[in-house]
Structure formats: structure tokens, C-alpha cells
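Peer 1: entry20.pdb (PDB, C-alpha atoms) pasted underneath:
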```pdb
ATOM      1  CA  MET V   1     -61.942 -88.612  64.245
ATOM      2  CA  SER V   2     -61.912 -87.296  60.669
ATOM      3  CA  GLU V   3     -60.461 -83.908  59.691
ATOM      4  CA  LYS V   4     -63.962 -82.800  58.708
ATOM      5  CA  ASN V   5     -65.303 -83.647  62.185
ATOM      6  CA  VAL V   6     -62.435 -81.781  63.870
ATOM      7  CA  GLU V   7     -63.267 -78.661  61.869
ATOM      8  CA  ALA V   8     -66.947 -79.008  62.768
ATOM      9  CA  ASN V   9     -66.109 -79.270  66.469
ATOM     10  CA  MET V  10     -63.996 -76.095  66.248
ATOM     11  CA  ASP V  11     -67.148 -74.186  65.304
ATOM     12  CA  PHE V  12     -67.805 -74.396  69.061
ATOM     13  CA  THR V  13     -65.324 -73.244  71.683
ATOM     14  CA  LEU V  14     -66.873 -75.621  74.216
ATOM     15  CA  GLN V  15     -68.901 -78.791  73.657
ATOM     16  CA  ILE V  16     -70.307 -80.778  76.584
ATOM     17  CA  ASP V  17     -71.891 -83.917  75.175
ATOM     18  CA  ASN V  18     -74.110 -86.080  77.426
ATOM     19  CA  VAL V  19     -71.752 -85.752  80.411
ATOM     20  CA  SER V  20     -72.451 -87.417  83.765
ATOM     21  CA  LYS V  21     -70.512 -87.587  87.024
ATOM     22  CA  ARG V  22     -71.215 -89.665  90.130
ATOM     23  CA  TYR V  23     -69.907 -89.503  93.690
ATOM     24  CA  GLY V  24     -70.752 -92.932  95.056
ATOM     25  CA  LYS V  25     -74.519 -93.279  94.723
ATOM     26  CA  VAL V  26     -75.025 -89.542  94.142
ATOM     27  CA  LEU V  27     -75.464 -88.481  90.508
ATOM     28  CA  ALA V  28     -73.970 -84.989  90.657
ATOM     29  CA  VAL V  29     -74.273 -84.247  86.921
ATOM     30  CA  ASP V  30     -76.772 -86.120  84.774
ATOM     31  CA  GLY V  31     -76.485 -86.200  80.969
ATOM     32  CA  LEU V  32     -75.381 -82.571  80.620
ATOM     33  CA  GLY V  33     -75.257 -81.111  77.125
ATOM     34  CA  ILE V  34     -74.102 -77.546  76.341
ATOM     35  CA  GLU V  35     -72.421 -75.900  73.335
ATOM     36  CA  LEU V  36     -70.760 -72.473  73.354
ATOM     37  CA  ALA V  37     -69.863 -70.616  70.177
ATOM     38  CA  ALA V  38     -67.172 -67.955  69.989
ATOM     39  CA  GLY V  39     -68.127 -64.718  71.733
ATOM     40  CA  GLU V  40     -70.779 -66.190  74.037
ATOM     41  CA  LEU V  41     -71.025 -65.270  77.715
ATOM     42  CA  PHE V  42     -72.849 -68.230  79.197
ATOM     43  CA  GLY V  43     -74.261 -67.960  82.720
ATOM     44  CA  PHE V  44     -74.482 -71.275  84.585
ATOM     45  CA  ILE V  45     -76.760 -70.951  87.601
ATOM     46  CA  GLY V  46     -78.300 -73.316  90.119
ATOM     47  CA  PRO V  47     -78.823 -73.903  93.857
ATOM     48  CA  ASN V  48     -76.026 -75.095  96.114
ATOM     49  CA  GLY V  49     -75.160 -78.697  95.286
ATOM     50  CA  ALA V  50     -76.771 -78.507  91.844
ATOM     51  CA  GLY V  51     -73.614 -79.652  90.014
ATOM     52  CA  LYS V  52     -72.082 -76.334  88.946
ATOM     53  CA  THR V  53     -68.604 -76.722  90.444
ATOM     54  CA  THR V  54     -68.436 -80.384  89.409
ATOM     55  CA  THR V  55     -69.183 -79.296  85.838
ATOM     56  CA  ILE V  56     -66.482 -76.626  85.935
ATOM     57  CA  LYS V  57     -63.926 -79.096  87.271
ATOM     58  CA  MET V  58     -64.733 -81.459  84.406
ATOM     59  CA  ILE V  59     -64.449 -78.681  81.818
ATOM     60  CA  THR V  60     -61.026 -77.683  83.139
ATOM     61  CA  GLY V  61     -59.754 -81.254  83.425
ATOM     62  CA  LEU V  62     -59.664 -81.412  87.224
ATOM     63  CA  LEU V  63     -62.262 -84.214  87.187
ATOM     64  CA  ARG V  64     -62.941 -86.928  84.615
ATOM     65  CA  PRO V  65     -66.531 -87.469  83.473
ATOM     66  CA  ASP V  66     -67.927 -90.937  84.140
ATOM     67  CA  GLU V  67     -69.831 -90.706  80.867
ATOM     68  CA  GLY V  68     -69.878 -88.360  77.901
ATOM     69  CA  LYS V  69     -67.290 -86.105  76.315
ATOM     70  CA  ILE V  70     -66.014 -82.537  76.699
ATOM     71  CA  THR V  71     -64.094 -80.797  73.914
ATOM     72  CA  ILE V  72     -62.354 -77.409  74.057
ATOM     73  CA  TYR V  73     -61.857 -75.879  70.607
ATOM     74  CA  GLY V  74     -61.981 -79.351  69.104
ATOM     75  CA  LYS V  75     -59.682 -81.003  71.669
ATOM     76  CA  ASP V  76     -60.922 -83.730  74.039
ATOM     77  CA  ILE V  77     -60.131 -82.618  77.611
ATOM     78  CA  VAL V  78     -59.639 -86.252  78.724
ATOM     79  CA  LYS V  79     -57.751 -87.674  75.718
ATOM     80  CA  GLU V  80     -55.812 -84.504  74.814
ATOM     81  CA  PRO V  81     -55.525 -82.600  78.106
ATOM     82  CA  GLN V  82     -52.412 -80.549  77.303
ATOM     83  CA  GLN V  83     -53.716 -79.406  73.934
ATOM     84  CA  ALA V  84     -57.171 -78.620  75.343
ATOM     85  CA  LYS V  85     -55.942 -76.753  78.416
ATOM     86  CA  LYS V  86     -53.848 -74.306  76.410
ATOM     87  CA  PHE V  87     -57.143 -72.858  75.142
ATOM     88  CA  ILE V  88     -58.578 -72.390  78.670
ATOM     89  CA  GLY V  89     -58.290 -69.607  81.229
ATOM     90  CA  TYR V  90     -59.636 -70.664  84.637
ATOM     91  CA  ILE V  91     -60.750 -68.449  87.527
ATOM     92  CA  PRO V  92     -61.700 -70.588  90.565
ATOM     93  CA  ASP V  93     -63.934 -69.438  93.411
ATOM     94  CA  ASN V  94     -60.979 -69.601  95.820
ATOM     95  CA  PRO V  95     -58.130 -67.562  94.274
ATOM     96  CA  TYR V  96     -54.896 -69.240  95.355
ATOM     97  CA  ILE V  97     -51.500 -67.589  94.812
ATOM     98  CA  TYR V  98     -48.193 -68.700  96.294
ATOM     99  CA  ASP V  99     -47.646 -66.372  99.257
ATOM    100  CA  ARG V 100     -43.898 -66.104  98.627
ATOM    101  CA  LEU V 101     -44.422 -64.796  95.088
ATOM    102  CA  THR V 102     -45.347 -61.272  94.073
ATOM    103  CA  GLY V 103     -48.230 -60.741  91.692
ATOM    104  CA  ARG V 104     -45.751 -60.044  88.898
ATOM    105  CA  GLU V 105     -43.769 -63.208  89.630
ATOM    106  CA  PHE V 106     -46.964 -65.265  89.664
ATOM    107  CA  LEU V 107     -47.983 -63.929  86.257
ATOM    108  CA  GLU V 108     -44.470 -64.592  84.911
ATOM    109  CA  LEU V 109     -44.793 -68.180  86.119
ATOM    110  CA  VAL V 110     -48.190 -68.607  84.448
ATOM    111  CA  GLY V 111     -46.919 -67.120  81.195
ATOM    112  CA  SER V 112     -43.936 -69.473  81.152
ATOM    113  CA  LEU V 113     -46.207 -72.475  81.778
ATOM    114  CA  TYR V 114     -48.171 -71.524  78.655
ATOM    115  CA  GLY V 115     -44.927 -71.235  76.674
ATOM    116  CA  MET V 116     -45.286 -67.506  76.041
ATOM    117  CA  ASP V 117     -42.304 -65.505  74.801
ATOM    118  CA  ARG V 118     -40.538 -63.711  77.655
ATOM    119  CA  LYS V 119     -40.821 -60.288  76.013
ATOM    120  CA  ILE V 120     -44.544 -60.780  75.412
ATOM    121  CA  ILE V 121     -44.999 -61.905  79.032
ATOM    122  CA  GLY V 122     -43.467 -58.645  80.286
ATOM    123  CA  GLU V 123     -45.569 -56.519  77.949
ATOM    124  CA  ARG V 124     -48.734 -58.424  78.811
ATOM    125  CA  ILE V 125     -48.100 -58.058  82.582
ATOM    126  CA  ASP V 126     -47.631 -54.286  82.245
ATOM    127  CA  TRP V 127     -50.910 -54.093  80.336
ATOM    128  CA  LEU V 128     -52.740 -56.262  82.898
ATOM    129  CA  PHE V 129     -51.361 -54.260  85.827
ATOM    130  CA  GLU V 130     -52.788 -51.103  84.279
ATOM    131  CA  LEU V 131     -56.083 -52.756  83.339
ATOM    132  CA  PHE V 132     -56.746 -54.132  86.827
ATOM    133  CA  GLY V 133     -55.208 -51.205  88.704
ATOM    134  CA  VAL V 134     -52.601 -53.256  90.569
ATOM    135  CA  ASP V 135     -49.517 -51.089  89.945
ATOM    136  CA  ASP V 136     -49.355 -49.936  93.577
ATOM    137  CA  TRP V 137     -49.188 -53.455  95.047
ATOM    138  CA  GLY V 138     -48.496 -55.894  92.215
ATOM    139  CA  ASP V 139     -44.835 -56.187  93.220
ATOM    140  CA  ASP V 140     -45.670 -56.937  96.865
ATOM    141  CA  PHE V 141     -45.726 -60.507  98.140
ATOM    142  CA  ALA V 142     -49.083 -62.278  97.761
ATOM    143  CA  ALA V 143     -49.111 -63.036 101.508
ATOM    144  CA  GLU V 144     -50.107 -59.380 101.967
ATOM    145  CA  TYR V 145     -53.017 -59.483  99.491
ATOM    146  CA  SER V 146     -56.700 -59.283 100.370
ATOM    147  CA  HIS V 147     -59.177 -61.688  98.744
ATOM    148  CA  GLY V 148     -60.127 -59.035  96.186
ATOM    149  CA  MET V 149     -56.485 -58.367  95.295
ATOM    150  CA  ARG V 150     -55.875 -62.083  94.792
ATOM    151  CA  GLN V 151     -58.988 -62.288  92.614
ATOM    152  CA  LYS V 152     -57.631 -59.582  90.310
ATOM    153  CA  ILE V 153     -54.282 -61.332  89.909
ATOM    154  CA  ILE V 154     -56.002 -64.661  89.212
ATOM    155  CA  MET V 155     -58.251 -63.051  86.602
ATOM    156  CA  ALA V 156     -55.195 -61.434  85.009
ATOM    157  CA  SER V 157     -53.442 -64.829  84.920
ATOM    158  CA  ALA V 158     -56.483 -66.421  83.268
ATOM    159  CA  ILE V 159     -56.531 -64.057  80.285
ATOM    160  CA  MET V 160     -52.837 -63.237  79.773
ATOM    161  CA  HIS V 161     -52.325 -66.052  77.214
ATOM    162  CA  ASP V 162     -55.394 -64.935  75.197
ATOM    163  CA  PRO V 163     -57.469 -68.114  75.720
ATOM    164  CA  LYS V 164     -60.363 -69.221  73.536
ATOM    165  CA  LEU V 165     -62.459 -70.080  76.623
ATOM    166  CA  VAL V 166     -62.522 -68.439  80.061
ATOM    167  CA  VAL V 167     -64.130 -70.523  82.813
ATOM    168  CA  ILE V 168     -65.156 -68.659  85.970
ATOM    169  CA  ASP V 169     -66.551 -69.944  89.251
ATOM    170  CA  GLU V 170     -68.170 -67.093  91.232
ATOM    171  CA  PRO V 171     -66.264 -64.093  89.807
ATOM    172  CA  MET V 172     -67.716 -61.450  92.149
ATOM    173  CA  VAL V 173     -66.973 -63.042  95.534
ATOM    174  CA  GLY V 174     -65.019 -60.646  97.758
ATOM    175  CA  LEU V 175     -64.952 -57.798  95.231
ATOM    176  CA  ASP V 176     -66.034 -54.241  96.035
ATOM    177  CA  PRO V 177     -68.587 -52.550  93.727
ATOM    178  CA  GLN V 178     -65.889 -50.755  91.733
ATOM    179  CA  SER V 179     -63.988 -54.003  91.134
ATOM    180  CA  GLN V 180     -67.213 -55.806  90.195
ATOM    181  CA  ARG V 181     -67.861 -53.138  87.575
ATOM    182  CA  LEU V 182     -64.327 -53.621  86.251
ATOM    183  CA  VAL V 183     -64.761 -57.400  86.001
ATOM    184  CA  LYS V 184     -68.034 -57.021  84.105
ATOM    185  CA  GLY V 185     -66.319 -54.629  81.705
ATOM    186  CA  VAL V 186     -63.429 -57.037  81.137
ATOM    187  CA  LEU V 187     -65.834 -59.918  80.439
ATOM    188  CA  ARG V 188     -67.731 -57.807  77.918
ATOM    189  CA  LYS V 189     -64.492 -56.896  76.138
ATOM    190  CA  LEU V 190     -63.440 -60.538  76.005
ATOM    191  CA  VAL V 191     -66.650 -61.647  74.291
ATOM    192  CA  GLU V 192     -66.448 -58.699  71.885
ATOM    193  CA  ARG V 193     -63.118 -60.090  70.624
ATOM    194  CA  GLY V 194     -64.547 -63.599  70.232
ATOM    195  CA  THR V 195     -63.561 -65.235  73.525
ATOM    196  CA  SER V 196     -66.193 -67.531  75.045
ATOM    197  CA  VAL V 197     -66.952 -67.239  78.767
ATOM    198  CA  PHE V 198     -68.532 -69.977  80.896
ATOM    199  CA  MET V 199     -69.513 -68.349  84.196
ATOM    200  CA  SER V 200     -71.020 -70.033  87.241
ATOM    201  CA  THR V 201     -72.517 -67.561  89.696
ATOM    202  CA  HIS V 202     -75.048 -67.065  92.469
ATOM    203  CA  THR V 203     -75.124 -63.327  91.685
ATOM    204  CA  LEU V 204     -78.197 -63.499  89.473
ATOM    205  CA  SER V 205     -78.268 -59.751  88.827
ATOM    206  CA  VAL V 206     -74.848 -60.055  87.161
ATOM    207  CA  ALA V 207     -75.992 -63.002  85.023
ATOM    208  CA  GLU V 208     -79.103 -61.071  84.048
ATOM    209  CA  GLU V 209     -77.046 -58.017  83.124
ATOM    210  CA  ILE V 210     -74.214 -59.448  81.025
ATOM    211  CA  CYS V 211     -74.924 -63.034  79.893
ATOM    212  CA  THR V 212     -75.913 -63.762  76.303
ATOM    213  CA  ARG V 213     -77.402 -67.126  77.340
ATOM    214  CA  ILE V 214     -78.221 -68.751  80.660
ATOM    215  CA  GLY V 215     -78.452 -72.377  81.733
ATOM    216  CA  ILE V 216     -80.273 -73.421  84.917
ATOM    217  CA  ILE V 217     -79.080 -76.655  86.521
ATOM    218  CA  HIS V 218     -80.942 -78.348  89.389
ATOM    219  CA  LYS V 219     -80.050 -81.674  91.022
ATOM    220  CA  GLY V 220     -77.530 -82.357  88.259
ATOM    221  CA  VAL V 221     -79.994 -81.850  85.399
ATOM    222  CA  LEU V 222     -79.943 -78.910  82.978
ATOM    223  CA  MET V 223     -83.548 -77.749  83.309
ATOM    224  CA  LYS V 224     -83.604 -74.779  80.930
ATOM    225  CA  VAL V 225     -81.155 -73.022  78.616
ATOM    226  CA  GLY V 226     -81.602 -69.942  76.440
ATOM    227  CA  THR V 227     -81.545 -66.183  76.411
ATOM    228  CA  LEU V 228     -83.249 -64.430  79.306
ATOM    229  CA  GLU V 229     -86.215 -63.602  77.102
ATOM    230  CA  GLU V 230     -86.492 -67.212  75.932
ATOM    231  CA  LEU V 231     -86.451 -68.432  79.536
ATOM    232  CA  ARG V 232     -89.122 -65.906  80.485
ATOM    233  CA  ARG V 233     -91.391 -66.997  77.640
ATOM    234  CA  ALA V 234     -90.920 -70.679  78.422
ATOM    235  CA  ALA V 235     -91.917 -70.075  82.052
ATOM    236  CA  GLN V 236     -94.691 -67.609  81.098
ATOM    237  CA  MET V 237     -92.976 -64.957  83.210
ATOM    238  CA  GLU V 238     -92.498 -62.110  80.723
ATOM    239  CA  GLY V 239     -90.977 -59.029  82.329
ATOM    240  CA  ARG V 240     -89.983 -60.820  85.545
ATOM    241  CA  SER V 241     -86.472 -60.865  86.999
ATOM    242  CA  LEU V 242     -84.044 -63.758  86.654
ATOM    243  CA  GLU V 243     -84.263 -64.263  90.411
ATOM    244  CA  GLU V 244     -88.050 -64.757  90.255
ATOM    245  CA  LEU V 245     -87.648 -67.091  87.284
ATOM    246  CA  PHE V 246     -84.905 -69.072  89.028
ATOM    247  CA  VAL V 247     -86.926 -69.524  92.222
ATOM    248  CA  LYS V 248     -89.973 -70.735  90.306
ATOM    249  CA  LEU V 249     -88.048 -73.262  88.215
ATOM    250  CA  THR V 250     -86.031 -74.682  91.119
ATOM    251  CA  GLY V 251     -88.872 -74.720  93.664
ATOM    252  CA  GLY V 252     -86.981 -72.523  96.079
ATOM    253  CA  GLU V 253     -89.869 -70.367  97.365
ATOM    254  CA  ARG V 254     -90.685 -71.128 101.000
ATOM    255  CA  GLU V 255     -92.942 -69.590 103.587
ATOM    256  CA  ILE V 256     -90.849 -67.837 106.223
ATOM    257  CA  LYS V 257     -91.880 -67.999 109.880
ATOM    258  CA  LEU V 258     -89.713 -67.066 112.841
ATOM    259  CA  TRP V 259     -89.703 -68.923 116.154
ATOM    260  CA  ASP V 260     -92.038 -66.489 117.951
ATOM    261  CA  GLU V 261     -94.738 -66.374 115.259
TER     262      GLU V 261
END
```
Let's see the structure in the file written out as C-alpha cells.
Peer 2:
Amino acid sequence: MSEKNVEANMDFTLQIDNVSKRYGKVLAVDGLGIELAAGELFGFIGPNGAGKTTTIKMITGLLRPDEGKITIYGKDIVKEPQQAKKFIGYIPDNPYIYDRLTGREFLELVGSLYGMDRKIIGERIDWLFELFGVDDWGDDFAAEYSHGMRQKIIMASAIMHDPKLVVIDEPMVGLDPQSQRLVKGVLRKLVERGTSVFMSTHTLSVAEEICTRIGIIHKGVLMKVGTLEELRRAAQMEGRSLEELFVKLTGGEREIKLWDE
């Protein structure tokens, strides 16, 4: 690749170019194409089994695409995994922390894996503890944490190295309303400073509230992508909610009858 092409790719934090992934005979992701510029908060929504988690695993290097290419800040996630992954912060839907580590020890481990200076790691952890309100329990062992507490530590670990791209799979699962408000505020601050966020979620009200663009995937195919207003105009549903728009586009509306009707 030429130097000119590398610079052009770095105009986008994330480029997904004609990516497909199969599981046996099932085409889980079919010719997906998405580009995220700096400071975008992209909402990736779709029914269960639509291909969202498969896409996220390919973006983060946990799965290899069968076809196509994914670049993170100009680095190919398959050909240059170490270079690409240093630009990524990942928040999975199941926040796993080693039970025998405290939250602080876990963040120290993550910081060391990213090659951060030890002094900066300590300063960054103190800042994250205050930001996420974990001072009272952050030095307890993770075995004692609730799901919501683990989610906060995982989110802190994802942003402590100041990534170019934050990838999130269901950020609001297990969080109380106050914590959900905090997470939305953190995501807004990240995009204000130029970080790109790729967020998969079933919480459509959150996507409607904070996303700059939204992509709807169904049966592995990206059906629509754009701002909420652009999606509404395309579906001739001006003024309607994202939930109504989503149901119409994915054919999810069904007549409900109970057994005694």
C-alpha cells in the first residue's frame, strides 16, 4: 500500500470494506461496508442473530473475515493485528474480570499490556475511579463485584489508553438508571474529543438519543445507514421513533394472541 493510501485510510478511524463471514452454510455477515470518521458515535442495531456480535468480533480481531478487509486507523486488523489493536478499546456484552484481582490491579494489568508508563497508569486509574464512582470498592476483589460494577471497570479499562476507536457490545446491560446516564455522558465526552464509538445495542432509545449515525443490519445485510432523520425520510416515517422505524424495516411487527383468545 502506498504512503498516500495509508494517509487516506487514516481519514477514517474504522473502515469495513465488503466484509463477509460464514458459519458453515450460514452467511452471518454479507458484504458489510461501513466507514467511521473521528468523533462519530455509530449505533449498530438489528434483531437477534442479525450479525452484530460477529461484526464486532471481526472489528476487534477475535474473528477473521472470510472476505473483505477491516482497517483501524489505517491498520489492517488481520495483517497488522498488534498495531491495529492498540487503537481499540473494547467493551464486550459479558464483562469478564479475573476474580482474584482488584479493579485497580486489573486496570494496572491493562495499562501495562498497552505499554503505558507506570506513572501515567496510576494517574489515569485515579481519574477513572473518580469518573466512574468506584473509589469505595475499586480495591476490593472482583469476585465480590456485581454485573454493573464489572461493567464500569471494563469501560474504564477500554478508555484508559485513550483509544481512537471504542467498540461496545450492549453497554447498558445490568446498569441502573444512574449508571446508564453516566455511560451516556462518557460516550458523549469521548466523541467530543474526537474518539469514534461503534456501539451495538438493543436499547433503541439510547441509540436514538446519542448516536450521530445508525446502521440497521438484518440477516447479515446492512439494510439502511444514516442519521435518524435520514432513516425516517427514507422510510417515509417522519417524526416516528427509532423503534417504530426498526420494526417496519426488519418486519418484526406481529399480531399478538394469547392461548385463551
Peer 1: What do you get, as an MDAnalysis selection string, if you spell out every residue that the PyMOL selection byres ((chain V and resi 235) around 10) selects here?
Peer 2: chainID V and resid 224 229:234 236:238 245:246 248:249
Peer 1: Closest to Leu14 in chain V among V:Thr53, V:Gln151, V:Thr195, V:Ser205, using only C-alpha atoms?
Peer 2: V:Thr195
Peer 1: Once the PyMOL selection byres ((chain V and resi 47) around 10) is applied to the coordinates I shared, what remains selected? I want it as a list in words.
Peer 2: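 Output of the PyMOL selection byres ((chain V and resi 47) around 10): Ile45, Gly46, Asn48, Gly49, Ala50, Gly51, Lys52, Thr201, His202, Ile216, Ile217, His218, Lys219, Phe246, Val247, Thr250 and Gly252 of chain V.
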Peer 1: Tell me, in Å to one decimal, how far CA of Met223 in chain V is from CA of Val186 in chain V.
Peer 2: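 Separating CA of Met223 in chain V from CA of Val186 in chain V is a distance of 29.0 Å.
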Peer 1: What does the distance between CA of Leu32 in chain V and CA of Arg193 in chain V come to in Å, to one decimal place?
Peer 2: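 About the pair CA of Leu32 in chain V and CA of Arg193 in chain V: they are 27.5 Å apart.
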Peer 1: Would you translate the PyMOL selection byres ((chain V and resi 65) around 9) into the concrete set of residues it matches in this file, as a compact mmCIF listing (two decimals) with C-alpha atoms, in the frame of the given file?
Peer 2:
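What follows is the written file selection-v3.txt:
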```
# COMPACT_ATOMS: atom_id res chain seq x y z
CA VAL V 19 -71.75 -85.75 80.41
CA SER V 20 -72.45 -87.42 83.76
CA LYS V 21 -70.51 -87.59 87.02
CA ARG V 22 -71.22 -89.66 90.13
CA THR V 55 -69.18 -79.30 85.84
CA MET V 58 -64.73 -81.46 84.41
CA LEU V 63 -62.26 -84.21 87.19
CA ARG V 64 -62.94 -86.93 84.62
CA ASP V 66 -67.93 -90.94 84.14
CA GLU V 67 -69.83 -90.71 80.87
CA GLY V 68 -69.88 -88.36 77.90
CA LYS V 69 -67.29 -86.10 76.32
CA ILE V 70 -66.01 -82.54 76.70
CA VAL V 78 -59.64 -86.25 78.72
```
Peer 1: Measuring atom to atom with all atoms listed in the file, identify which of V:Thr60, V:Thr212, V:Gln15, V:Thr71 is nearest to Val191 in chain V.
Peer 2: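 Among V:Thr60, V:Thr212, V:Gln15, V:Thr71, it is V:Thr212 that comes nearest to Val191 in chain V.
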Peer 1: So which one's closest to Ala207 in chain V, V:Gly31, V:Gly115, V:Gly43, V:Gly122? Using all atoms listed in the file, please.
Peer 2: V:Gly43
